[in-house]
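> The structure that follows is given in the form of structure tokens.
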Amino acid sequence: MLEVKLDPPRGAAGVEIGMTMEAAEQVLASLPGYVGPGRAKGSRGTAHFSTGMTIQAHGDDAGRVEAVEIYRPTEPGVRVLYGDISIFEEPAEIVEGRLAGRLPLQVIDDGLTVVAPETFMALGKSTSVYGDDSESGFFESVVVARPGYYEDL
């Protein structure tokens, strides 16, 4: 099983904040299960995996990584970890509770986003894919970013 480590604010999945986008793309392409880059315009730094996971290195104006975003895999075979906390395998409520025992958290966007400002990490939930008001119950993405990243949004 592939374990993807979150190391805020230094990086995630082996991609380091501040490295060049080219270097980040090479790191992502070397991970097990890599199936290809993004094809859409502006998808530089995007990598898709056989598990349905997508990782995107977000670049700044100088072409350096300022954030790494990981989207929830749709198939088993990968664990995204902050320490020993599995971000996508457990319900969001449990993950949030475990993180709150270690980090100060801010809940924003009507509960859809949880930010750990001291570590420059944010987790996002989405509403149901069926269009009703229920939540999926799991986090759908996690972002690890450079200090100050969230202030710029």
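By convention in this document, the chains of the structure tokens carry letters A, B, ... by their order, each chain's residues are numbered from 1, and ligands are numbered from 1 in the order they are shown.
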List the neighbours of Arg44 (chain A) out to 12 Å using only C-alpha atoms; skip same-chain residues closer than 3 positions along the sequence, and give me the result as a compact mmCIF listing (two decimals) with N, CA and C atoms, in the first residue's frame.


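The new file out_25.txt reads:
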# COMPACT_ATOMS: atom_id res chain seq x y z
N THR A 20 11.16 23.62 -7.76
CA THR A 20 10.64 24.02 -9.05
C THR A 20 9.46 23.11 -9.44
N MET A 21 8.60 23.64 -10.28
CA MET A 21 7.46 22.84 -10.75
C MET A 21 7.96 21.63 -11.54
N GLU A 22 9.02 21.80 -12.30
CA GLU A 22 9.58 20.68 -13.06
C GLU A 22 10.04 19.56 -12.14
N ALA A 23 10.72 19.93 -11.06
CA ALA A 23 11.18 18.92 -10.10
C ALA A 23 9.98 18.25 -9.42
N ALA A 24 8.94 19.02 -9.11
CA ALA A 24 7.74 18.46 -8.49
C ALA A 24 7.07 17.45 -9.42
N GLU A 25 7.00 17.78 -10.70
CA GLU A 25 6.40 16.86 -11.67
C GLU A 25 7.20 15.56 -11.74
N GLN A 26 8.51 15.64 -11.64
CA GLN A 26 9.35 14.44 -11.66
C GLN A 26 9.10 13.58 -10.43
N LEU A 28 6.33 13.49 -8.62
CA LEU A 28 5.00 12.89 -8.73
C LEU A 28 4.98 11.73 -9.71
N GLY A 36 -0.42 9.39 -15.26
CA GLY A 36 -0.19 10.47 -16.20
C GLY A 36 -0.46 11.84 -15.63
N PRO A 37 -0.02 12.85 -16.39
CA PRO A 37 -0.24 14.23 -15.96
C PRO A 37 -1.64 14.68 -16.33
N GLY A 38 -2.00 15.84 -15.83
CA GLY A 38 -3.27 16.44 -16.22
C GLY A 38 -3.22 16.85 -17.68
N ARG A 39 -4.35 16.87 -18.32
CA ARG A 39 -4.41 17.21 -19.74
C ARG A 39 -5.05 18.59 -19.97
N ALA A 40 -5.75 19.11 -18.99
CA ALA A 40 -6.45 20.38 -19.16
C ALA A 40 -5.47 21.55 -19.16
N LYS A 41 -5.87 22.62 -19.81
CA LYS A 41 -5.06 23.84 -19.82
C LYS A 41 -4.85 24.29 -18.38
N ALA A 47 -0.91 15.30 -11.26
CA ALA A 47 -0.61 13.88 -11.50
C ALA A 47 -1.81 13.05 -11.08
N HIS A 48 -2.18 12.12 -11.96
CA HIS A 48 -3.28 11.19 -11.69
C HIS A 48 -2.71 9.81 -11.41
N ILE A 55 -2.89 14.37 -7.36
CA ILE A 55 -2.05 15.29 -6.59
C ILE A 55 -1.70 16.44 -7.50
N GLN A 56 -1.87 17.66 -6.98
CA GLN A 56 -1.49 18.83 -7.77
C GLN A 56 -0.55 19.71 -6.98
N ALA A 57 0.60 20.00 -7.61
CA ALA A 57 1.53 20.99 -7.07
C ALA A 57 1.12 22.33 -7.65
N HIS A 58 0.78 23.27 -6.78
CA HIS A 58 0.39 24.61 -7.22
C HIS A 58 1.63 25.50 -7.24
N GLY A 59 1.86 26.16 -8.36
CA GLY A 59 3.05 26.99 -8.50
C GLY A 59 2.77 28.47 -8.31
N ASP A 60 3.81 29.19 -7.92
CA ASP A 60 3.72 30.65 -7.81
C ASP A 60 4.17 31.29 -9.12
N GLY A 63 7.40 30.03 -10.69
CA GLY A 63 7.52 28.63 -11.11
C GLY A 63 7.96 27.70 -10.01
N ARG A 64 7.72 28.09 -8.76
CA ARG A 64 8.08 27.26 -7.61
C ARG A 64 6.81 26.82 -6.89
N VAL A 65 6.88 25.66 -6.29
CA VAL A 65 5.71 25.09 -5.59
C VAL A 65 5.41 25.93 -4.35

> List as a ChimeraX atom specification the protein and nucleic acid residues near region 137-140 of chain A, meaning an atom at most 9 Å away when only C-alpha atoms are counted, but skip any in the same chain fewer than 2 places from it.

/A:70-73,87-93,95,112-113,123-128,134-135,142

> List the neighbours of Leu31 (chain A) out to 10 Å using only C-alpha atoms; skip same-chain residues closer than 3 positions along the sequence, and give me the result as a list in words.

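What passes the distance filter is Leu2, Val4, Ala13, Gly14, Gln26, Val27, Leu28, Tyr34, Val35, Ala47 and Phe49 of chain A.
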
> Can you spit out the residues from that selection as a PDB file, in the first residue's frame, using C-alpha atoms?


ATOM      1  CA  LEU A   2       1.289   3.456  -0.939  1.00  0.00           C
ATOM      2  CA  VAL A   4       1.580   9.507   1.116  1.00  0.00           C
ATOM      3  CA  ALA A  13       4.041  13.263  -1.200  1.00  0.00           C
ATOM      4  CA  GLY A  14       7.748  14.016  -1.581  1.00  0.00           C
ATOM      5  CA  GLN A  26       9.347  14.440 -11.664  1.00  0.00           C
ATOM      6  CA  VAL A  27       8.691  13.490  -8.028  1.00  0.00           C
ATOM      7  CA  LEU A  28       4.998  12.894  -8.727  1.00  0.00           C
ATOM      8  CA  TYR A  34       1.200   7.139 -11.551  1.00  0.00           C
ATOM      9  CA  VAL A  35      -0.861   7.053 -14.756  1.00  0.00           C
ATOM     10  CA  ALA A  47      -0.606  13.884 -11.501  1.00  0.00           C
ATOM     11  CA  PHE A  49      -2.937   7.759 -10.104  1.00  0.00           C
TER      12      PHE A  49
END

> Please report the interatomic distance between CA of Pro9 (chain A) and CA of Ala122 (chain A) in Å with one decimal.

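Separation between CA of Pro9 (chain A) and CA of Ala122 (chain A): 11.0 Å.
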
> For Val78 (chain A), which residue out of A:Gly97, A:Gly111, A:Gly33, A:Pro147 is the nearest one, using only C-alpha atoms?

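Of A:Gly97, A:Gly111, A:Gly33, A:Pro147, the one nearest Val78 (chain A) is A:Gly33, counting only C-alpha atoms.
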
> Region 41-147 of chain A: which residues are strand (DSSP E or B) by DSSP, as a VMD selection string?

chain A and resid 46 to 49 54 to 59 64 to 71 78 to 82 85 to 86 106 to 108 113 to 116 121 to 124 127 135 141 to 145

> With distances taken over only C-alpha atoms, which of A:Ala62, A:Ile85, A:Leu103, A:Val68 is nearest to Glu16 (chain A)?

A:Val68

> Kindly give the distance, in Å, that separates CA of Ala116 (chain A) and CA of Gly52 (chain A), rounded to a single decimal.

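One can read the CA of Ala116 (chain A) to CA of Gly52 (chain A) distance as 25.6 Å.
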
> Which value, in Å to one decimal, gives the distance between CA of Phe120 (chain A) and CA of Met19 (chain A)?

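According to the coordinates, CA of Phe120 (chain A) and CA of Met19 (chain A) are separated by 17.0 Å.
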
> Name all residues at most 10 Å from Tyr149 (chain A) (count only C-alpha atoms; drop same-chain ones fewer than 5 positions away) and give them as a ChimeraX atom specification.

/A:66-67,117,120-121,144

> Those same residues, written as a PDB file, in the first residue's frame with C-alpha atoms?


ATOM      1  CA  GLU A  66       3.705  27.060  -3.052  1.00  0.00           C
ATOM      2  CA  ALA A  67       1.145  24.367  -2.181  1.00  0.00           C
ATOM      3  CA  PRO A 117      -3.296  27.618  10.431  1.00  0.00           C
ATOM      4  CA  PHE A 120      -0.462  25.601   6.900  1.00  0.00           C
ATOM      5  CA  MET A 121      -2.760  22.673   6.166  1.00  0.00           C
ATOM      6  CA  VAL A 144      -0.280  21.677   2.461  1.00  0.00           C
TER       7      VAL A 144
END
